[in-house]
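Structure data (mmCIF, C-alpha atoms) from data32.cif:
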```cif
data_run
loop_
_atom_site.label_atom_id
_atom_site.label_comp_id
_atom_site.auth_asym_id
_atom_site.auth_seq_id
_atom_site.Cartn_x
_atom_site.Cartn_y
_atom_site.Cartn_z
CA MET A 1 128.99 92.90 84.56
CA PRO A 2 125.77 94.18 86.19
CA ASP A 3 125.86 95.16 89.84
CA GLY A 4 123.95 93.15 92.43
CA SER A 5 120.82 95.29 92.48
CA SER A 6 120.44 95.36 88.70
CA LEU A 7 121.06 91.61 88.41
CA ARG A 8 118.49 90.94 91.12
CA GLU A 9 115.94 93.09 89.29
CA ARG A 10 116.75 91.32 86.02
CA LEU A 11 116.08 87.97 87.64
CA ILE A 12 112.76 89.24 88.98
CA ASP A 13 111.92 90.60 85.51
CA ALA A 14 112.52 87.14 84.09
CA GLY A 15 110.37 85.57 86.81
CA VAL A 16 107.54 88.00 86.09
CA ASP A 17 107.69 87.17 82.38
CA ILE A 18 107.47 83.44 83.13
CA VAL A 19 104.53 83.89 85.51
CA LEU A 20 102.60 85.97 83.00
CA SER A 21 103.27 83.67 80.05
CA GLU A 22 103.30 80.22 81.64
CA GLY A 23 102.09 80.51 85.25
CA SER A 24 103.88 80.35 88.58
CA ALA A 25 104.40 76.58 88.38
CA SER A 26 106.92 77.17 85.58
CA VAL A 27 109.09 79.55 87.62
CA GLY A 28 112.28 77.83 88.75
CA LEU A 29 115.69 79.18 89.67
CA ARG A 30 117.39 77.49 86.70
CA GLU A 31 114.81 78.60 84.13
CA THR A 32 114.80 82.13 85.55
CA ALA A 33 118.60 82.23 85.31
CA ARG A 34 118.42 81.03 81.70
CA ARG A 35 115.85 83.69 80.79
CA ALA A 36 117.97 86.37 82.48
CA GLY A 37 121.10 85.19 80.65
CA VAL A 38 123.14 84.35 83.76
CA SER A 39 124.67 81.22 85.25
CA HIS A 40 122.43 78.68 86.95
CA GLY A 41 123.95 79.47 90.32
CA ALA A 42 123.48 83.26 90.10
CA PRO A 43 119.92 83.41 91.54
CA ARG A 44 121.03 81.72 94.77
CA ARG A 45 122.97 84.85 95.73
CA TYR A 46 119.71 86.81 95.93
CA PHE A 47 117.04 84.13 96.40
CA PRO A 48 118.13 81.31 98.71
CA THR A 49 114.97 79.33 97.89
CA HIS A 50 112.50 78.96 95.07
CA HIS A 51 109.82 80.49 97.30
CA ALA A 52 111.98 83.56 97.93
CA LEU A 53 112.07 84.20 94.19
CA LEU A 54 108.30 83.69 93.88
CA SER A 55 107.76 86.13 96.77
CA ALA A 56 109.84 88.78 95.00
CA VAL A 57 107.84 88.23 91.81
CA ALA A 58 104.57 88.51 93.75
CA ARG A 59 105.70 91.79 95.34
CA ARG A 60 106.11 93.17 91.82
CA GLY A 61 102.49 92.25 91.25
CA PHE A 62 101.40 94.19 94.33
CA GLN A 63 103.41 97.20 93.22
CA ASP A 64 101.71 97.06 89.81
CA LEU A 65 98.25 96.63 91.33
CA GLY A 66 98.88 99.45 93.81
CA ALA A 67 99.87 101.80 90.98
CA ARG A 68 96.70 100.88 89.11
CA PHE A 69 94.65 101.57 92.20
CA GLU A 70 96.20 105.03 92.55
CA ALA A 71 95.47 105.86 88.91
CA ALA A 72 91.89 104.58 89.19
CA VAL A 73 90.96 106.78 92.16
CA ALA A 74 92.73 109.93 90.97
CA GLY A 75 90.24 112.75 91.06
CA THR A 76 87.64 110.70 92.98
CA THR A 77 87.12 111.79 96.58
CA ALA A 78 83.93 109.95 97.56
CA PRO A 79 84.81 106.72 99.43
CA ARG A 80 82.09 104.71 97.69
CA GLY A 81 83.32 105.89 94.29
CA GLN A 82 86.88 104.97 95.19
CA LEU A 83 85.82 101.51 96.34
CA GLU A 84 83.93 100.93 93.11
CA ALA A 85 86.98 102.01 91.09
CA LEU A 86 89.27 99.73 93.12
CA ALA A 87 86.87 96.82 92.72
CA ARG A 88 86.82 97.18 88.94
CA VAL A 89 90.61 97.38 88.80
CA TYR A 90 90.94 94.32 91.05
CA VAL A 91 88.69 92.13 88.92
CA GLY A 92 90.18 93.50 85.71
CA TYR A 93 93.71 92.79 86.93
CA ALA A 94 92.75 89.19 87.68
CA LEU A 95 91.58 88.71 84.10
CA GLU A 96 94.47 90.54 82.46
CA ARG A 97 97.32 89.08 84.52
CA ARG A 98 95.93 85.76 85.59
CA GLY A 99 99.19 84.02 86.49
CA MET A 100 100.36 86.92 88.64
CA PHE A 101 96.98 87.27 90.35
CA GLU A 102 96.94 83.60 91.29
CA LEU A 103 100.46 83.84 92.73
CA MET A 104 100.06 87.06 94.70
CA PHE A 105 97.74 85.73 97.37
CA ARG A 106 99.47 82.43 98.13
CA HIS A 107 100.69 83.58 101.53
CA ASP A 108 100.48 80.03 102.82
CA LEU A 109 103.17 79.16 100.29
CA LEU A 110 105.20 82.32 99.84
CA ASP A 111 105.51 83.35 103.49
CA SER A 112 106.31 79.83 104.68
CA THR A 113 110.09 80.15 104.34
CA PRO A 114 112.54 82.77 105.68
CA GLN A 115 113.43 85.66 103.40
CA ALA A 116 116.72 87.48 103.16
CA SER A 117 117.16 89.84 106.10
CA ASP A 118 116.86 92.93 103.90
CA GLN A 119 113.68 91.74 102.12
CA PRO A 120 110.17 92.15 103.58
CA ARG A 121 107.82 89.24 103.82
CA LEU A 122 105.06 89.28 101.25
CA ARG A 123 102.42 90.26 103.80
CA GLU A 124 104.12 93.66 104.08
CA SER A 125 103.12 94.27 100.48
CA THR A 126 99.56 93.00 100.98
CA LEU A 127 98.46 94.59 104.24
CA PRO A 128 98.65 98.24 103.07
CA LEU A 129 96.21 97.44 100.25
CA PHE A 130 93.79 95.78 102.65
CA GLY A 131 94.24 98.65 105.09
CA HIS A 132 93.25 101.10 102.38
CA ILE A 133 90.09 99.14 101.62
CA THR A 134 89.26 99.05 105.34
CA GLU A 135 89.76 102.80 105.59
CA LEU A 136 87.39 103.41 102.68
CA VAL A 137 84.79 101.08 104.20
CA ALA A 138 85.08 103.01 107.47
CA ARG A 139 84.51 106.29 105.63
CA CYS A 140 81.47 104.85 103.88
CA ARG A 141 80.20 103.65 107.26
CA ALA A 142 80.71 107.10 108.79
CA GLU A 143 78.66 108.69 106.01
CA GLN A 144 75.90 106.11 106.47
CA GLU A 145 75.84 106.60 110.24
CA ASP A 146 75.67 110.34 109.81
CA ALA A 147 72.67 109.92 107.52
CA ALA A 148 71.08 107.43 109.93
CA ARG A 149 71.33 109.86 112.86
CA ARG A 150 69.19 112.25 110.87
CA THR A 151 66.50 109.58 110.44
CA ASP A 152 66.09 106.49 112.62
CA GLY A 153 69.45 106.35 114.38
CA PRO A 154 72.55 104.22 113.65
CA ASP A 155 72.42 100.43 113.32
CA GLU A 156 74.31 99.03 116.29
CA ALA A 157 74.43 95.49 114.85
CA VAL A 158 76.75 96.15 111.90
CA PRO A 159 80.18 94.43 111.96
CA PRO A 160 83.39 96.51 112.24
CA PRO A 161 84.91 97.98 109.05
CA ALA A 162 87.75 95.43 108.90
CA VAL A 163 85.25 92.55 108.85
CA VAL A 164 83.20 94.22 106.12
CA ALA A 165 86.39 94.93 104.14
CA ALA A 166 87.47 91.28 104.47
CA ALA A 167 84.07 90.04 103.27
CA LEU A 168 84.08 92.54 100.40
CA TRP A 169 87.59 91.49 99.37
CA ALA A 170 86.68 87.80 99.52
CA ASN A 171 83.58 88.44 97.42
CA LEU A 172 85.53 90.34 94.76
CA HIS A 173 88.22 87.67 94.70
CA GLY A 174 85.52 85.07 94.14
CA VAL A 175 84.01 87.11 91.32
CA ALA A 176 87.43 87.39 89.68
CA GLN A 177 88.15 83.66 89.93
CA LEU A 178 84.69 82.49 88.86
CA TRP A 179 84.66 84.87 85.91
CA THR A 180 88.12 83.68 84.85
CA TRP A 181 86.92 80.08 84.93
CA GLY A 182 83.73 80.92 83.00
CA SER A 183 81.48 79.82 85.88
CA LEU A 184 79.67 83.13 86.32
CA GLN A 185 79.02 83.49 82.61
CA LEU A 186 77.52 80.00 82.60
CA ALA A 187 75.37 80.73 85.64
CA LEU A 188 74.11 83.95 84.06
CA GLY A 189 73.30 82.29 80.77
CA GLU A 190 76.36 83.41 78.84
CA GLN A 191 78.73 81.20 76.87
CA PRO A 192 81.59 80.30 79.26
CA LEU A 193 84.89 81.82 78.13
CA GLY A 194 83.32 82.72 74.80
CA GLY A 195 84.14 85.95 72.99
CA GLY A 196 85.53 89.04 74.65
CA PRO A 197 84.98 90.03 78.28
CA ASP A 198 81.55 91.47 79.04
CA ASP A 199 82.56 94.60 80.95
CA ASP A 200 78.98 95.74 81.49
CA GLN A 201 77.97 92.41 83.00
CA ARG A 202 80.99 92.39 85.32
CA ASP A 203 80.33 95.98 86.36
CA ARG A 204 76.77 95.05 87.31
CA ILE A 205 78.06 92.18 89.43
CA ILE A 206 80.61 94.46 91.11
CA ALA A 207 77.89 97.02 91.85
CA ALA A 208 75.77 94.25 93.41
CA VAL A 209 78.73 93.16 95.56
CA LEU A 210 79.18 96.71 96.87
CA ASP A 211 75.47 97.02 97.56
CA ALA A 212 75.50 93.72 99.45
CA HIS A 213 78.32 94.78 101.77
CA LEU A 214 77.81 98.54 102.01
CA GLY A 215 74.14 98.98 101.29
CA PRO A 216 72.65 100.54 98.16
CA VAL A 217 73.57 104.05 97.15
CA THR A 218 70.98 106.45 98.45
CA PRO A 219 69.92 109.41 96.32
#
```
What do you get writing this file as C-alpha coordinates?
Amino acid sequence: MPDGSSLRERLIDAGVDIVLSEGSASVGLRETARRAGVSHGAPRRYFPTHHALLSAVARRGFQDLGARFEAAVAGTTAPRGQLEALARVYVGYALERRGMFELMFRHDLLDSTPQASDQPRLRESTLPLFGHITELVARCRAEQEDAARRTDGPDEAVPPPAVVAAALWANLHGVAQLWTWGSLQLALGEQPLGGGPDDDQRDRIIAAVLDAHLGPVTP
(Lines of atoms letter the chains of each structure in order from A and count residues from 1; the text may use other names and numbers.)
(Lines give C-alpha, C1' and ligand atoms only; values in the text may rest on other atoms or scores of the structure.)
Protein backbone atom coordinates (compact mmCIF):
# COMPACT_ATOMS: atom_id res chain seq x y z
CA MET A 1 0.00 0.00 0.00
CA PRO A 2 1.64 3.29 -1.06
CA ASP A 3 2.10 6.01 1.54
CA GLY A 4 0.17 9.26 1.29
CA SER A 5 2.84 11.27 -0.50
CA SER A 6 3.47 8.62 -3.16
CA LEU A 7 -0.25 8.09 -3.74
CA ARG A 8 -0.77 11.83 -4.09
CA GLU A 9 2.05 12.02 -6.64
CA ARG A 10 0.60 9.04 -8.51
CA LEU A 11 -2.74 10.79 -8.76
CA ILE A 12 -1.06 13.92 -10.08
CA ASP A 13 0.89 11.78 -12.58
CA ALA A 14 -2.41 10.38 -13.83
CA GLY A 15 -3.88 13.89 -14.07
CA VAL A 16 -0.88 15.10 -16.06
CA ASP A 17 -1.24 12.19 -18.48
CA ILE A 18 -4.92 12.99 -19.02
CA VAL A 19 -4.23 16.69 -19.59
CA LEU A 20 -1.51 15.97 -22.13
CA SER A 21 -3.49 13.34 -24.03
CA GLU A 22 -7.06 14.61 -23.79
CA GLY A 23 -7.02 18.14 -22.35
CA SER A 24 -7.96 19.53 -18.96
CA ALA A 25 -11.70 19.14 -19.56
CA SER A 26 -11.23 15.36 -19.33
CA VAL A 27 -9.60 15.47 -15.89
CA GLY A 28 -12.03 14.31 -13.20
CA LEU A 29 -11.49 12.79 -9.79
CA ARG A 30 -13.07 9.47 -10.80
CA GLU A 31 -11.16 9.14 -14.07
CA THR A 32 -7.91 10.15 -12.36
CA ALA A 33 -8.50 7.51 -9.69
CA ARG A 34 -9.16 4.90 -12.37
CA ARG A 35 -5.97 5.79 -14.23
CA ALA A 36 -3.98 5.66 -10.98
CA GLY A 37 -5.49 2.27 -10.08
CA VAL A 38 -7.10 3.36 -6.80
CA SER A 39 -10.63 3.58 -5.46
CA HIS A 40 -12.90 6.38 -6.63
CA GLY A 41 -12.86 7.96 -3.19
CA ALA A 42 -9.06 8.01 -2.80
CA PRO A 43 -8.43 11.40 -4.51
CA ARG A 44 -10.70 13.19 -2.03
CA ARG A 45 -8.15 12.61 0.74
CA TYR A 46 -5.66 14.82 -1.11
CA PHE A 47 -7.81 16.95 -3.40
CA PRO A 48 -11.07 18.09 -1.79
CA THR A 49 -12.28 19.54 -5.10
CA HIS A 50 -11.80 18.98 -8.80
CA HIS A 51 -10.10 22.38 -9.02
CA ALA A 52 -7.61 21.40 -6.32
CA LEU A 53 -6.51 18.47 -8.47
CA LEU A 54 -6.25 20.67 -11.56
CA SER A 55 -4.15 23.17 -9.59
CA ALA A 56 -1.74 20.42 -8.55
CA VAL A 57 -1.47 19.28 -12.17
CA ALA A 58 -0.83 22.87 -13.31
CA ARG A 59 1.94 23.27 -10.71
CA ARG A 60 3.66 20.29 -12.31
CA GLY A 61 3.54 22.21 -15.56
CA PHE A 62 5.22 25.22 -13.98
CA GLN A 63 7.92 23.00 -12.50
CA ASP A 64 8.55 21.50 -15.94
CA LEU A 65 8.59 24.90 -17.64
CA GLY A 66 10.89 26.32 -14.97
CA ALA A 67 13.36 23.47 -15.47
CA ARG A 68 13.32 24.10 -19.22
CA PHE A 69 13.97 27.77 -18.62
CA GLU A 70 16.99 26.96 -16.46
CA ALA A 71 18.41 24.63 -19.11
CA ALA A 72 17.82 27.18 -21.87
CA VAL A 73 19.74 29.99 -20.18
CA ALA A 74 22.62 27.87 -18.90
CA GLY A 75 25.84 29.48 -20.04
CA THR A 76 24.09 32.67 -21.23
CA THR A 77 24.77 35.73 -19.09
CA ALA A 78 23.45 38.58 -21.25
CA PRO A 79 19.90 39.52 -20.17
CA ARG A 80 18.69 39.99 -23.75
CA GLY A 81 20.05 36.57 -24.71
CA GLN A 82 18.36 34.98 -21.71
CA LEU A 83 15.04 36.62 -22.57
CA GLU A 84 15.27 35.38 -26.14
CA ALA A 85 16.00 31.85 -24.90
CA LEU A 86 13.08 31.98 -22.46
CA ALA A 87 10.76 33.29 -25.16
CA ARG A 88 11.62 30.42 -27.49
CA VAL A 89 11.11 27.87 -24.73
CA TYR A 90 7.77 29.44 -23.77
CA VAL A 91 6.34 29.32 -27.28
CA GLY A 92 7.82 25.86 -27.89
CA TYR A 93 6.30 24.55 -24.67
CA ALA A 94 2.88 25.82 -25.74
CA LEU A 95 3.10 23.85 -28.97
CA GLU A 96 4.55 20.69 -27.44
CA ARG A 97 2.31 20.46 -24.37
CA ARG A 98 -0.79 22.25 -25.49
CA GLY A 99 -3.22 20.88 -22.90
CA MET A 100 -0.90 21.71 -20.01
CA PHE A 101 -0.14 25.17 -21.36
CA GLU A 102 -3.84 26.01 -21.64
CA LEU A 103 -4.46 24.83 -18.07
CA MET A 104 -1.50 26.52 -16.38
CA PHE A 105 -2.71 30.10 -16.72
CA ARG A 106 -6.35 29.64 -15.72
CA HIS A 107 -5.91 31.42 -12.40
CA ASP A 108 -9.49 32.63 -12.57
CA LEU A 109 -10.52 28.98 -12.36
CA LEU A 110 -7.77 27.26 -10.42
CA ASP A 111 -7.31 29.82 -7.65
CA SER A 112 -11.04 30.30 -7.12
CA THR A 113 -11.40 27.59 -4.46
CA PRO A 114 -9.50 26.98 -1.19
CA GLN A 115 -6.56 24.60 -1.31
CA ALA A 116 -5.38 22.26 1.40
CA SER A 117 -3.56 24.17 4.12
CA ASP A 118 -0.20 22.61 3.22
CA GLN A 119 -0.52 23.32 -0.53
CA PRO A 120 0.36 26.68 -2.11
CA ARG A 121 -2.06 28.46 -4.38
CA LEU A 122 -1.16 28.27 -8.03
CA ARG A 123 -0.04 31.89 -8.15
CA GLU A 124 2.91 30.94 -5.93
CA SER A 125 4.17 28.81 -8.81
CA THR A 126 3.54 31.52 -11.42
CA LEU A 127 4.87 34.68 -9.81
CA PRO A 128 8.53 33.58 -9.57
CA LEU A 129 8.60 33.02 -13.34
CA PHE A 130 7.12 36.44 -14.00
CA GLY A 131 9.51 37.96 -11.46
CA HIS A 132 12.44 36.47 -13.34
CA ILE A 133 11.24 37.97 -16.62
CA THR A 134 10.81 41.35 -14.91
CA GLU A 135 14.34 41.12 -13.51
CA LEU A 136 15.77 40.41 -16.97
CA VAL A 137 13.79 43.31 -18.48
CA ALA A 138 15.19 45.58 -15.75
CA ARG A 139 18.73 44.46 -16.58
CA CYS A 140 18.13 45.12 -20.27
CA ARG A 141 16.76 48.54 -19.35
CA ALA A 142 19.82 49.31 -17.21
CA GLU A 143 22.12 48.47 -20.12
CA GLN A 144 20.08 50.66 -22.47
CA GLU A 145 20.07 53.57 -20.02
CA ASP A 146 23.80 53.26 -19.56
CA ALA A 147 24.26 53.44 -23.32
CA ALA A 148 21.82 56.37 -23.55
CA ARG A 149 23.76 58.39 -20.96
CA ARG A 150 26.75 58.20 -23.24
CA THR A 151 24.72 59.66 -26.13
CA ASP A 152 21.51 61.67 -25.77
CA GLY A 153 20.50 60.85 -22.20
CA PRO A 154 17.93 58.34 -20.85
CA ASP A 155 14.32 58.26 -22.04
CA GLU A 156 12.20 59.34 -19.08
CA ALA A 157 8.92 58.25 -20.71
CA VAL A 158 9.51 54.48 -20.71
CA PRO A 159 7.18 52.36 -18.51
CA PRO A 160 8.56 50.46 -15.49
CA PRO A 161 10.12 47.01 -16.03
CA ALA A 162 7.12 45.12 -14.61
CA VAL A 163 4.80 46.76 -17.16
CA VAL A 164 7.17 45.95 -20.02
CA ALA A 165 7.51 42.37 -18.74
CA ALA A 166 3.71 42.01 -18.57
CA ALA A 167 3.31 43.31 -22.13
CA LEU A 168 6.11 41.05 -23.36
CA TRP A 169 4.56 38.03 -21.65
CA ALA A 170 1.12 38.81 -23.08
CA ASN A 171 2.62 39.20 -26.56
CA LEU A 172 4.44 35.86 -26.35
CA HIS A 173 1.34 34.14 -25.01
CA GLY A 174 -0.60 35.51 -27.96
CA VAL A 175 2.04 34.28 -30.39
CA ALA A 176 1.88 30.82 -28.83
CA GLN A 177 -1.92 30.62 -29.00
CA LEU A 178 -2.26 32.07 -32.50
CA TRP A 179 0.45 29.77 -33.84
CA THR A 180 -1.22 26.77 -32.22
CA TRP A 181 -4.51 27.68 -33.89
CA GLY A 182 -2.84 28.24 -37.27
CA SER A 183 -3.86 31.91 -37.38
CA LEU A 184 -0.35 33.35 -37.68
CA GLN A 185 0.61 30.92 -40.42
CA LEU A 186 -2.49 31.95 -42.34
CA ALA A 187 -1.77 35.64 -41.84
CA LEU A 188 1.81 35.18 -43.03
CA GLY A 189 0.77 33.22 -46.10
CA GLU A 190 1.54 29.75 -44.79
CA GLN A 191 -0.80 26.77 -44.78
CA PRO A 192 -2.54 26.77 -41.36
CA LEU A 193 -1.54 23.75 -39.28
CA GLY A 194 0.07 22.19 -42.34
CA GLY A 195 3.29 20.21 -42.13
CA GLY A 196 5.82 20.51 -39.34
CA PRO A 197 6.41 23.62 -37.23
CA ASP A 198 8.37 26.38 -38.96
CA ASP A 199 10.97 27.11 -36.29
CA ASP A 200 12.69 29.81 -38.34
CA GLN A 201 9.44 31.69 -38.89
CA ARG A 202 8.54 31.51 -35.20
CA ASP A 203 12.02 32.65 -34.21
CA ARG A 204 11.67 35.70 -36.46
CA ILE A 205 8.36 36.55 -34.83
CA ILE A 206 9.86 36.14 -31.35
CA ALA A 207 12.78 38.40 -32.32
CA ALA A 208 10.28 41.03 -33.53
CA VAL A 209 8.38 40.79 -30.23
CA LEU A 210 11.57 41.41 -28.26
CA ASP A 211 12.49 44.33 -30.50
CA ALA A 212 9.03 45.83 -30.05
CA HIS A 213 9.22 45.76 -26.25
CA LEU A 214 12.93 46.18 -25.61
CA GLY A 215 14.16 47.99 -28.68
CA PRO A 216 16.37 46.52 -31.40
CA VAL A 217 19.74 45.07 -30.55
CA THR A 218 22.40 47.68 -31.10
CA PRO A 219 25.76 46.67 -32.55
inquiry  = List the spatial neighbours of Val16 of chain A as a VMD selection string - criterion: any atom at most 10 Å away, all atoms listed in the file, same-chain residues fewer than 5 positions off excluded.
reply    = chain A and resid 10 to 11 21 to 24 27 32 54 56 to 58 60 to 61 99 to 100
task = Quick one: everything within 9 Å of segment 85-94 of chain A, counting only C-alpha atoms, minus sequence neighbours fewer than 6 positions away in the same chain. Send it as a PyMOL selection string.
result = chain A and resi 65+68-70+72-73+76+100-102+133+169+172-173+175-177+179-180+202-203+206+210
ask   = By how many Å are atom CA of Val38 of chain A and atom CA of Asp64 of chain A apart?
value = 25.6 Å
Please provide as an mmCIF file with C-alpha atoms, keeping the file's coordinate frame all residues within 12 Å of Leu127 of chain A, with the sequence filter that same-chain residues fewer than 4 positions apart are discarded (counting only C-alpha atoms).
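That gives us part_32.cif:
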```cif
data_model
loop_
_atom_site.group_PDB
_atom_site.id
_atom_site.type_symbol
_atom_site.label_atom_id
_atom_site.label_comp_id
_atom_site.auth_asym_id
_atom_site.auth_seq_id
_atom_site.Cartn_x
_atom_site.Cartn_y
_atom_site.Cartn_z
ATOM 1 C CA ARG A 59 105.700 91.790 95.340
ATOM 2 C CA PHE A 62 101.400 94.190 94.330
ATOM 3 C CA GLY A 66 98.880 99.450 93.810
ATOM 4 C CA PHE A 105 97.740 85.730 97.370
ATOM 5 C CA HIS A 107 100.690 83.580 101.530
ATOM 6 C CA PRO A 120 110.170 92.150 103.580
ATOM 7 C CA ARG A 121 107.820 89.240 103.820
ATOM 8 C CA LEU A 122 105.060 89.280 101.250
ATOM 9 C CA ARG A 123 102.420 90.260 103.800
ATOM 10 C CA GLY A 131 94.240 98.650 105.090
ATOM 11 C CA HIS A 132 93.250 101.100 102.380
ATOM 12 C CA ILE A 133 90.090 99.140 101.620
ATOM 13 C CA THR A 134 89.260 99.050 105.340
ATOM 14 C CA ALA A 162 87.750 95.430 108.900
ATOM 15 C CA ALA A 166 87.470 91.280 104.470
#
```
message = Just to confirm, what's the straight-line distance from atom CA of Gln201 of chain A to atom CA of Glu96 of chain A in Å (one decimal)?
response = 16.6 Å
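Atom CA of Leu7 of chain A lies 16.7 Å from atom CA of His50 of chain A.
Non-sequential neighbours of Gly41 of chain A (distance at most 9 Å, separation of 6 or more positions within a chain, all atoms listed in the file) are Leu29, Arg30 and Ala33 of chain A.
If you count all atoms listed in the file and ignore residues fewer than 5 places along the chain from Ala138 of chain A, what sits within 9 Å of it is Pro79, Ile133, Glu143, Pro160, Pro161, Ala162 and Ala165 of chain A.
The smallest atom-to-atom distance between Ala212 of chain A and any of A:Ala157, A:Gly75, A:Tyr46, A:Ala167, using all atoms listed in the file, is found for A:Ala167.
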ask   = Which residues match the PyMOL selection byres ((chain A and resi 80) around 8) in the file above, as a VMD selection string?
value = chain A and resid 78 to 79 81 to 84 136 to 137 140
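Take the candidates A:Gly174, A:Gly28, A:Val19, A:Thr126 and check each one against Thr49 of chain A using all atoms listed in the file; the shortest distance goes to A:Gly28.
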Starting from the incomplete input, reconstruct all heavy atoms of segment 180-191 of chain A and report them as a short mmCIF file (atom, residue, chain, number, x, y, z; two decimals), in the coordinates of the input.
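And here's part15.cif as it stands now:
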```
data_model
loop_
_atom_site.label_atom_id
_atom_site.label_comp_id
_atom_site.auth_asym_id
_atom_site.auth_seq_id
_atom_site.Cartn_x
_atom_site.Cartn_y
_atom_site.Cartn_z
N THR A 180 86.99 84.23 85.60
CA THR A 180 88.12 83.68 84.85
C THR A 180 87.84 82.26 84.40
O THR A 180 88.19 81.87 83.28
CB THR A 180 89.39 83.71 85.73
OG1 THR A 180 89.71 85.06 86.06
CG2 THR A 180 90.57 83.09 85.01
N TRP A 181 87.21 81.47 85.25
CA TRP A 181 86.92 80.08 84.93
C TRP A 181 85.69 79.93 84.03
O TRP A 181 85.41 78.83 83.55
CB TRP A 181 86.70 79.28 86.21
CG TRP A 181 87.91 79.19 87.08
CD1 TRP A 181 89.22 79.24 86.68
CD2 TRP A 181 87.94 79.05 88.50
NE1 TRP A 181 90.06 79.13 87.76
CE2 TRP A 181 89.30 79.02 88.90
CE3 TRP A 181 86.95 78.95 89.48
CZ2 TRP A 181 89.69 78.88 90.23
CZ3 TRP A 181 87.33 78.82 90.81
CH2 TRP A 181 88.69 78.78 91.18
N GLY A 182 84.94 81.00 83.82
CA GLY A 182 83.73 80.92 83.00
C GLY A 182 82.50 80.51 83.77
O GLY A 182 81.42 80.38 83.18
N SER A 183 82.61 80.31 85.09
CA SER A 183 81.48 79.82 85.88
C SER A 183 80.36 80.84 85.98
O SER A 183 79.17 80.49 85.90
CB SER A 183 81.96 79.42 87.27
OG SER A 183 82.97 78.44 87.20
N LEU A 184 80.70 82.11 86.19
CA LEU A 184 79.67 83.13 86.32
C LEU A 184 78.93 83.33 85.01
O LEU A 184 77.70 83.51 84.99
CB LEU A 184 80.28 84.46 86.80
CG LEU A 184 80.57 84.56 88.28
CD1 LEU A 184 81.19 85.93 88.60
CD2 LEU A 184 79.31 84.37 89.11
N GLN A 185 79.67 83.34 83.91
CA GLN A 185 79.02 83.49 82.61
C GLN A 185 78.01 82.37 82.39
O GLN A 185 76.90 82.59 81.89
CB GLN A 185 80.05 83.50 81.48
CG GLN A 185 81.04 84.65 81.55
CD GLN A 185 82.30 84.27 82.29
OE1 GLN A 185 82.23 83.72 83.38
NE2 GLN A 185 83.45 84.55 81.70
N LEU A 186 78.41 81.15 82.75
CA LEU A 186 77.52 80.00 82.60
C LEU A 186 76.28 80.16 83.47
O LEU A 186 75.15 79.92 83.02
CB LEU A 186 78.27 78.72 82.96
CG LEU A 186 77.48 77.41 82.84
CD1 LEU A 186 77.08 77.17 81.38
CD2 LEU A 186 78.31 76.24 83.35
N ALA A 187 76.49 80.58 84.72
CA ALA A 187 75.37 80.73 85.64
C ALA A 187 74.41 81.83 85.18
O ALA A 187 73.20 81.74 85.40
CB ALA A 187 75.89 81.05 87.04
N LEU A 188 74.93 82.83 84.52
CA LEU A 188 74.11 83.95 84.06
C LEU A 188 73.58 83.76 82.65
O LEU A 188 72.99 84.66 82.07
CB LEU A 188 74.93 85.25 84.14
CG LEU A 188 75.31 85.69 85.54
CD1 LEU A 188 76.31 86.84 85.48
CD2 LEU A 188 74.09 86.09 86.35
N GLY A 189 73.84 82.58 82.09
CA GLY A 189 73.30 82.29 80.77
C GLY A 189 74.16 82.70 79.62
O GLY A 189 73.71 82.73 78.47
N GLU A 190 75.43 83.03 79.90
CA GLU A 190 76.36 83.41 78.84
C GLU A 190 77.18 82.19 78.43
O GLU A 190 77.26 81.20 79.15
CB GLU A 190 77.30 84.52 79.31
CG GLU A 190 76.59 85.77 79.83
CD GLU A 190 75.92 86.55 78.72
OE1 GLU A 190 76.36 86.40 77.57
OE2 GLU A 190 74.97 87.28 79.01
N GLN A 191 77.82 82.27 77.29
CA GLN A 191 78.73 81.20 76.87
C GLN A 191 80.00 81.28 77.70
O GLN A 191 80.67 82.32 77.70
CB GLN A 191 79.07 81.35 75.39
CG GLN A 191 77.93 80.98 74.46
CD GLN A 191 77.57 79.51 74.55
OE1 GLN A 191 78.44 78.66 74.71
NE2 GLN A 191 76.29 79.21 74.47
#
```
